[in-house]
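Chemist: Okay, here's the structure, questions in a sec.
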Amino acid sequence: MNTQLILKYLNDLSGNNNREWYHAHKAEYKEANEAFEALLQDLILRIGKFDSSVVQNAPKDLTFKLVRDTRFSHDKSPYNPAFRAHISSMGKLPVPVGYYIMINPGNQSFLGGGLFADMFKDATAMIRDYIVMNGAEWEEIIHGAEFEKYFTVQGTALKNVPAGYDKEHPQAQYLKFKSWYLEYAIKDEVLNDAEAFLEKAAEVFRIMKPFNDYLNKALAGFQMPAR
């Protein structure tokens with residue numbers, strides 16, 4: 001698979017972020033997108049060695065469109081020059097949480113995991129309640145030697161512990177969160193070598209898995225809101 005083809009297309013789109021250029025270069029988009037899907041297929045198989053719940057996914061069902069929603073944004077450029085995908089047992093839905101990949105040239109690419117979406121109040125409450133009852137397991141995961149080498153828990157957060165939760169709870173700082181996620185930056189030089197990237201991505205996601213598993217236990221029974 002040709003990751004350099006992916007990077008070149010995204011770089012070109014970034015420099016020509018308009019509908020005229022995009023439609024005039026549909027062939028290049030198709031080639032780059034096929035290369036990205038091939039990369040995802042290989043990555044799914046590697047993840048499947050430690051998380052078999054993802055292997056049934058078809059890459060084309062995991063990706064997100066390049067078209068941006070500009071209705072409420074000051075940035076009116078029509079395309080997001082990045083290839084993105086979420087790999088979980090239920091595909092690209094945000095819950096259950098899984099493994100997120102974004103390829104964005106200029107050293108803006110990253111691998112992610114956990115719950116990025118903070119608009120699901122039920123999901124936020126379920127995770128907070130689970131942390132309250134399972135704080136020791138949380139601490140064991142986020143302070144593991146491998147985990148700390150790669151990650152710091154991130155997320156949107158309130159200024160104070162929300163009402164109904166103990167301000168003195170040992171995990172009080174994490175009860176303020178409305179989302180809990182991980183990011184690991186990937187430089188372009190790593191992406192230029194497809195095998196090196198896939199090896200690193202599989203390692204990062206393997207180390208991330210206990211964190212995802214914890215959140216998915218917390219989110220057992222969560223139902224995505226009807227659209």
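Starting from 1 in every chain, residues are counted up; chains themselves are A, B, ... following the order of the structure tokens, and ligands are numbered from 1 as listed.
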Which neighbours of region 92-97 of chain A fall inside 9 Å, counting only C-alpha atoms, when residues of the same chain fewer than 5 positions from it are skipped, and could you give them as a PDB file with N, CA and C atoms, in the first residue's frame?
Modeler:
ATOM      1  N   ASP A  61     -16.622   0.972   5.431  1.00  0.00           N
ATOM      2  CA  ASP A  61     -17.684   1.311   6.381  1.00  0.00           C
ATOM      3  C   ASP A  61     -17.160   2.088   7.586  1.00  0.00           C
ATOM      4  N   LEU A  62     -15.855   2.270   7.676  1.00  0.00           N
ATOM      5  CA  LEU A  62     -15.234   2.873   8.854  1.00  0.00           C
ATOM      6  C   LEU A  62     -14.771   4.304   8.620  1.00  0.00           C
ATOM      7  N   THR A  63     -14.800   4.753   7.384  1.00  0.00           N
ATOM      8  CA  THR A  63     -14.190   6.037   7.042  1.00  0.00           C
ATOM      9  C   THR A  63     -15.198   7.185   7.108  1.00  0.00           C
ATOM     10  N   PHE A  64     -14.648   8.402   7.208  1.00  0.00           N
ATOM     11  CA  PHE A  64     -15.455   9.611   7.265  1.00  0.00           C
ATOM     12  C   PHE A  64     -15.217  10.449   6.006  1.00  0.00           C
ATOM     13  N   ALA A  85     -10.755   7.389  10.226  1.00  0.00           N
ATOM     14  CA  ALA A  85     -11.547   6.171  10.399  1.00  0.00           C
ATOM     15  C   ALA A  85     -11.610   5.820  11.882  1.00  0.00           C
ATOM     16  N   HIS A  86     -12.686   5.147  12.261  1.00  0.00           N
ATOM     17  CA  HIS A  86     -12.851   4.631  13.618  1.00  0.00           C
ATOM     18  C   HIS A  86     -13.142   3.145  13.512  1.00  0.00           C
ATOM     19  N   ILE A  87     -12.347   2.349  14.208  1.00  0.00           N
ATOM     20  CA  ILE A  87     -12.435   0.892  14.125  1.00  0.00           C
ATOM     21  C   ILE A  87     -12.887   0.351  15.474  1.00  0.00           C
ATOM     22  N   GLY A 113      -8.087   6.902  20.819  1.00  0.00           N
ATOM     23  CA  GLY A 113      -9.000   5.929  21.391  1.00  0.00           C
ATOM     24  C   GLY A 113      -9.815   6.559  22.499  1.00  0.00           C
ATOM     25  N   GLY A 114     -10.834   5.828  22.965  1.00  0.00           N
ATOM     26  CA  GLY A 114     -11.689   6.354  24.010  1.00  0.00           C
ATOM     27  C   GLY A 114     -12.897   7.077  23.454  1.00  0.00           C
ATOM     28  N   LEU A 115     -13.565   7.824  24.310  1.00  0.00           N
ATOM     29  CA  LEU A 115     -14.776   8.546  23.937  1.00  0.00           C
ATOM     30  C   LEU A 115     -14.425   9.997  23.637  1.00  0.00           C
ATOM     31  N   PHE A 116     -14.472  10.362  22.342  1.00  0.00           N
ATOM     32  CA  PHE A 116     -14.198  11.741  21.931  1.00  0.00           C
ATOM     33  C   PHE A 116     -15.444  12.612  22.055  1.00  0.00           C
ATOM     34  N   ALA A 117     -16.615  12.034  21.795  1.00  0.00           N
ATOM     35  CA  ALA A 117     -17.857  12.801  21.798  1.00  0.00           C
ATOM     36  C   ALA A 117     -18.280  13.147  23.216  1.00  0.00           C
ATOM     37  N   ALA A 123     -23.971   8.735  28.270  1.00  0.00           N
ATOM     38  CA  ALA A 123     -22.665   8.082  28.232  1.00  0.00           C
ATOM     39  C   ALA A 123     -21.731   8.696  29.265  1.00  0.00           C
ATOM     40  N   ASN A 212      -9.769   1.328  26.471  1.00  0.00           N
ATOM     41  CA  ASN A 212     -11.012   1.175  25.719  1.00  0.00           C
ATOM     42  C   ASN A 212     -11.932   0.157  26.374  1.00  0.00           C
ATOM     43  N   ASP A 213     -11.374  -0.953  26.814  1.00  0.00           N
ATOM     44  CA  ASP A 213     -12.174  -1.998  27.457  1.00  0.00           C
ATOM     45  C   ASP A 213     -12.873  -1.458  28.704  1.00  0.00           C
ATOM     46  N   LEU A 215     -13.749   1.685  29.375  1.00  0.00           N
ATOM     47  CA  LEU A 215     -14.855   2.565  28.989  1.00  0.00           C
ATOM     48  C   LEU A 215     -16.020   1.766  28.414  1.00  0.00           C
ATOM     49  N   ASN A 216     -15.735   0.732  27.663  1.00  0.00           N
ATOM     50  CA  ASN A 216     -16.823  -0.058  27.089  1.00  0.00           C
ATOM     51  C   ASN A 216     -17.578  -0.843  28.152  1.00  0.00           C
ATOM     52  N   LEU A 219     -19.897   1.603  29.511  1.00  0.00           N
ATOM     53  CA  LEU A 219     -20.946   1.975  28.556  1.00  0.00           C
ATOM     54  C   LEU A 219     -21.838   0.805  28.154  1.00  0.00           C
ATOM     55  N   ALA A 220     -21.713  -0.321  28.841  1.00  0.00           N
ATOM     56  CA  ALA A 220     -22.554  -1.478  28.534  1.00  0.00           C
ATOM     57  C   ALA A 220     -24.023  -1.086  28.643  1.00  0.00           C
ATOM     58  N   PHE A 222     -25.484   1.178  26.728  1.00  0.00           N
ATOM     59  CA  PHE A 222     -25.738   2.507  26.164  1.00  0.00           C
ATOM     60  C   PHE A 222     -26.355   2.387  24.775  1.00  0.00           C
ATOM     61  N   GLN A 223     -27.352   3.208  24.518  1.00  0.00           N
ATOM     62  CA  GLN A 223     -27.999   3.223  23.214  1.00  0.00           C
ATOM     63  C   GLN A 223     -27.748   4.553  22.545  1.00  0.00           C
ATOM     64  N   MET A 224     -27.224   4.518  21.297  1.00  0.00           N
ATOM     65  CA  MET A 224     -27.030   5.757  20.564  1.00  0.00           C
ATOM     66  C   MET A 224     -28.375   6.450  20.372  1.00  0.00           C
TER      67      MET A 224
END
Chemist: Which region 6-39 of chain A residues have any atom within 12 Å of an atom of region 53-58 of chain A, and for each, what is the nearest pair of atoms with distance in Å to one decimal, counting only C-alpha atoms, rows sorted by chain and number, as CSV?
Modeler:
residue,atom,partner,partner_atom,distance
A:Glu37,CA,A:Ala58,CA,8.8
A:Ala38,CA,A:Ala58,CA,10.3
A:Leu39,CA,A:Ala58,CA,11.8
Chemist: Taking 3 positions as the minimum chain separation for residues in the same chain, which residues sit within 7 Å of Glu146 (chain A) when counting only C-alpha atoms? Answer as a PyMOL selection string.
Modeler: chain A and resi 149-150+207
Chemist: Let me make sure I understand: among A:Glu28, A:Ala202, A:Phe36, A:Phe120, which one has the smallest atom-to-atom distance to Ala226 (chain A) if we use only C-alpha atoms?
Modeler: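 Selected residue with least distance to Ala226 (chain A): A:Phe120.
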Chemist: Find the distance between CA of Leu10 (chain A) and CA of Leu198 (chain A) and write it in Å to one decimal.
Modeler: 19.1 Å
Chemist: I'd like to know which of A:Lys187, A:Tyr214, A:Pro105, A:His25 is closest to Ile142 (chain A), using only C-alpha atoms.
Modeler: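 Of A:Lys187, A:Tyr214, A:Pro105, A:His25, the one nearest Ile142 (chain A), counting only C-alpha atoms, is A:Tyr214.
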Chemist: Given only C-alpha atoms as the basis, pick out the residue of A:Asn80, A:Asn17, A:Ser109, A:Thr124 nearest to Val190 (chain A).
Modeler: A:Ser109
Chemist: Wanna dump the region 162-213 of chain A-region 48-52 of chain A contacts at 10 Å for me, each residue with its shortest atom pair and the distance in Å to one decimal, counting only C-alpha atoms, ordered by chain and number, as a Markdown table?
Modeler:
| residue | atom | partner | partner_atom | distance |
| --- | --- | --- | --- | --- |
| A:Ala202 | CA | A:Phe50 | CA | 9.3 |
| A:Phe205 | CA | A:Phe50 | CA | 9.3 |
| A:Arg206 | CA | A:Phe50 | CA | 6.8 |
| A:Lys209 | CA | A:Asp51 | CA | 8.0 |
Chemist: Can you spit out the residues from that selection as a compact mmCIF listing (two decimals), in the first residue's frame, using N, CA and C atoms?
Modeler:
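After the write, result_33.txt holds the following:
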# COMPACT_ATOMS: atom_id res chain seq x y z
N ALA A 202 -0.24 -0.67 15.47
CA ALA A 202 -0.68 -1.87 16.17
C ALA A 202 -0.17 -1.87 17.61
N PHE A 205 -2.21 0.78 19.63
CA PHE A 205 -3.58 0.33 19.89
C PHE A 205 -3.61 -0.83 20.89
N ARG A 206 -2.61 -1.68 20.86
CA ARG A 206 -2.55 -2.78 21.84
C ARG A 206 -2.43 -2.22 23.26
N LYS A 209 -5.77 -0.71 24.44
CA LYS A 209 -6.94 -1.58 24.57
C LYS A 209 -7.52 -1.64 25.98
Chemist: Please run DSSP on the backbone and report, as a PyMOL selection string, all residues within chain A that come out as alpha helix (DSSP H).
Modeler: chain A and resi 3-15+19-24+26-47+121-133+135-142+145-150+172-175+188-191+194-218
Chemist: Export C-alpha atoms of the chosen residues as a short mmCIF file (atom, residue, chain, number, x, y, z; two decimals), in the first residue's frame?
Modeler:
data_model
loop_
_atom_site.label_atom_id
_atom_site.label_comp_id
_atom_site.auth_asym_id
_atom_site.auth_seq_id
_atom_site.Cartn_x
_atom_site.Cartn_y
_atom_site.Cartn_z
CA THR A 3 1.04 5.88 2.09
CA GLN A 4 3.06 8.45 0.14
CA LEU A 5 0.19 8.59 -2.37
CA ILE A 6 -2.18 9.36 0.50
CA LEU A 7 0.03 12.13 1.85
CA LYS A 8 0.55 13.68 -1.59
CA TYR A 9 -3.17 13.83 -2.31
CA LEU A 10 -3.97 15.38 1.08
CA ASN A 11 -1.17 17.91 0.70
CA ASP A 12 -2.49 18.86 -2.74
CA LEU A 13 -6.04 19.18 -1.41
CA SER A 14 -4.84 21.32 1.48
CA GLY A 15 -3.24 23.72 -0.97
CA ARG A 19 -14.71 22.48 -5.14
CA GLU A 20 -13.29 23.13 -8.58
CA TRP A 21 -9.95 21.48 -7.79
CA TYR A 22 -11.57 18.62 -5.87
CA HIS A 23 -13.89 17.68 -8.73
CA ALA A 24 -11.12 18.04 -11.32
CA LYS A 26 -11.50 12.83 -8.59
CA ALA A 27 -9.17 10.18 -10.05
CA GLU A 28 -6.41 11.13 -7.59
CA TYR A 29 -8.92 11.04 -4.75
CA LYS A 30 -10.04 7.55 -5.76
CA GLU A 31 -6.45 6.27 -5.80
CA ALA A 32 -5.65 7.83 -2.42
CA ASN A 33 -8.87 6.57 -0.85
CA GLU A 34 -8.23 3.04 -2.12
CA ALA A 35 -4.74 3.21 -0.63
CA PHE A 36 -6.22 4.34 2.71
CA GLU A 37 -8.76 1.51 2.71
CA ALA A 38 -5.97 -0.99 1.97
CA LEU A 39 -4.04 0.44 4.91
CA LEU A 40 -7.10 0.06 7.13
CA GLN A 41 -7.59 -3.56 6.06
CA ASP A 42 -4.04 -4.43 7.07
CA LEU A 43 -4.44 -2.52 10.33
CA ILE A 44 -7.70 -4.30 11.16
CA LEU A 45 -5.97 -7.67 10.78
CA ARG A 46 -3.14 -6.57 13.06
CA ILE A 47 -5.56 -5.25 15.68
CA LYS A 121 -25.10 12.95 28.59
CA ASP A 122 -26.08 9.35 29.32
CA ALA A 123 -22.67 8.08 28.23
CA THR A 124 -20.90 10.70 30.36
CA ALA A 125 -22.97 9.75 33.42
CA MET A 126 -22.33 6.04 32.88
CA ILE A 127 -18.57 6.54 32.73
CA ARG A 128 -18.50 8.82 35.78
CA ASP A 129 -20.54 6.31 37.78
CA TYR A 130 -18.26 3.49 36.71
CA ILE A 131 -15.14 5.41 37.71
CA VAL A 132 -16.71 6.11 41.13
CA MET A 133 -17.23 2.39 41.68
CA GLY A 135 -11.45 3.77 40.75
CA ALA A 136 -8.67 1.32 41.57
CA GLU A 137 -8.93 -0.36 38.16
CA TRP A 138 -8.91 3.08 36.48
CA GLU A 139 -5.72 4.06 38.30
CA GLU A 140 -4.05 0.76 37.46
CA ILE A 141 -4.72 1.29 33.77
CA ILE A 142 -3.75 4.95 33.42
CA ALA A 145 4.26 1.82 32.70
CA GLU A 146 3.50 1.26 29.01
CA PHE A 147 0.41 3.44 29.14
CA GLU A 148 2.21 6.41 30.69
CA LYS A 149 4.95 6.11 28.09
CA TYR A 150 2.40 6.80 25.33
CA ALA A 172 -12.43 13.57 41.35
CA GLN A 173 -10.33 15.19 38.60
CA TYR A 174 -11.62 12.61 36.10
CA LEU A 175 -15.22 13.00 37.26
CA ASP A 188 4.93 12.29 8.40
CA GLU A 189 8.27 10.47 8.30
CA VAL A 190 6.64 7.46 9.98
CA LEU A 191 3.70 7.56 7.58
CA ALA A 194 3.70 2.01 5.46
CA GLU A 195 5.16 -1.01 7.29
CA ALA A 196 6.74 1.15 10.00
CA PHE A 197 3.46 2.98 10.48
CA LEU A 198 1.38 -0.22 10.71
CA GLU A 199 3.80 -1.72 13.21
CA LYS A 200 3.67 1.40 15.39
CA ALA A 201 -0.12 1.73 15.10
CA ALA A 202 -0.68 -1.87 16.17
CA GLU A 203 1.61 -1.37 19.17
CA VAL A 204 -0.12 1.86 20.21
CA PHE A 205 -3.58 0.33 19.89
CA ARG A 206 -2.55 -2.78 21.84
CA ILE A 207 -1.41 -0.60 24.74
CA MET A 208 -4.61 1.44 24.45
CA LYS A 209 -6.94 -1.58 24.57
CA PRO A 210 -7.36 -1.86 28.39
CA PHE A 211 -8.45 1.81 28.47
CA ASN A 212 -11.01 1.17 25.72
CA ASP A 213 -12.17 -2.00 27.46
CA TYR A 214 -12.71 -0.08 30.70
CA LEU A 215 -14.85 2.56 28.99
CA ASN A 216 -16.82 -0.06 27.09
CA LYS A 217 -17.62 -1.87 30.33
CA ALA A 218 -18.85 1.44 31.69
#
Chemist: Out of chain A, which residues get strand (DSSP E or B) from DSSP, as a PyMOL selection string?
Modeler: chain A and resi 63+67+79+83-87+99-103+109-115+154+157+177+180-186
Chemist: Write the residues of the selection above to a file with C-alpha atoms, as a compact mmCIF listing (two decimals), in the first residue's frame.
Modeler:
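What ended up in out-v8.txt:
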# COMPACT_ATOMS: atom_id res chain seq x y z
CA THR A 63 -14.19 6.04 7.04
CA VAL A 67 -16.64 17.26 3.08
CA TYR A 79 -12.99 19.95 2.63
CA PHE A 83 -8.38 10.64 5.96
CA ARG A 84 -10.11 9.43 9.11
CA ALA A 85 -11.55 6.17 10.40
CA HIS A 86 -12.85 4.63 13.62
CA ILE A 87 -12.43 0.89 14.13
CA TYR A 99 -9.37 2.78 17.60
CA TYR A 100 -9.25 6.08 15.73
CA ILE A 101 -6.84 7.04 12.98
CA MET A 102 -6.40 10.41 11.30
CA ILE A 103 -3.88 10.98 8.52
CA SER A 109 -1.71 12.85 12.12
CA PHE A 110 -2.59 10.87 15.23
CA LEU A 111 -3.90 7.60 16.60
CA GLY A 112 -6.67 7.84 19.16
CA GLY A 113 -9.00 5.93 21.39
CA GLY A 114 -11.69 6.35 24.01
CA LEU A 115 -14.78 8.55 23.94
CA GLN A 154 -7.54 14.02 27.68
CA ALA A 157 -13.99 18.95 31.32
CA PHE A 177 -14.54 15.16 32.39
CA TRP A 180 -12.18 10.67 28.00
CA TYR A 181 -9.81 10.02 25.13
CA LEU A 182 -6.21 9.32 24.15
CA GLU A 183 -4.07 10.69 21.33
CA TYR A 184 -0.68 9.57 20.04
CA ALA A 185 0.95 11.84 17.44
CA ILE A 186 2.34 10.35 14.24
Chemist: For a test of reading the model, state the distance in Å between CA of Pro78 (chain A) and CA of Leu66 (chain A), rounded to one decimal.
Modeler: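 If I compute the distance from CA of Pro78 (chain A) to CA of Leu66 (chain A), I get 8.4 Å.
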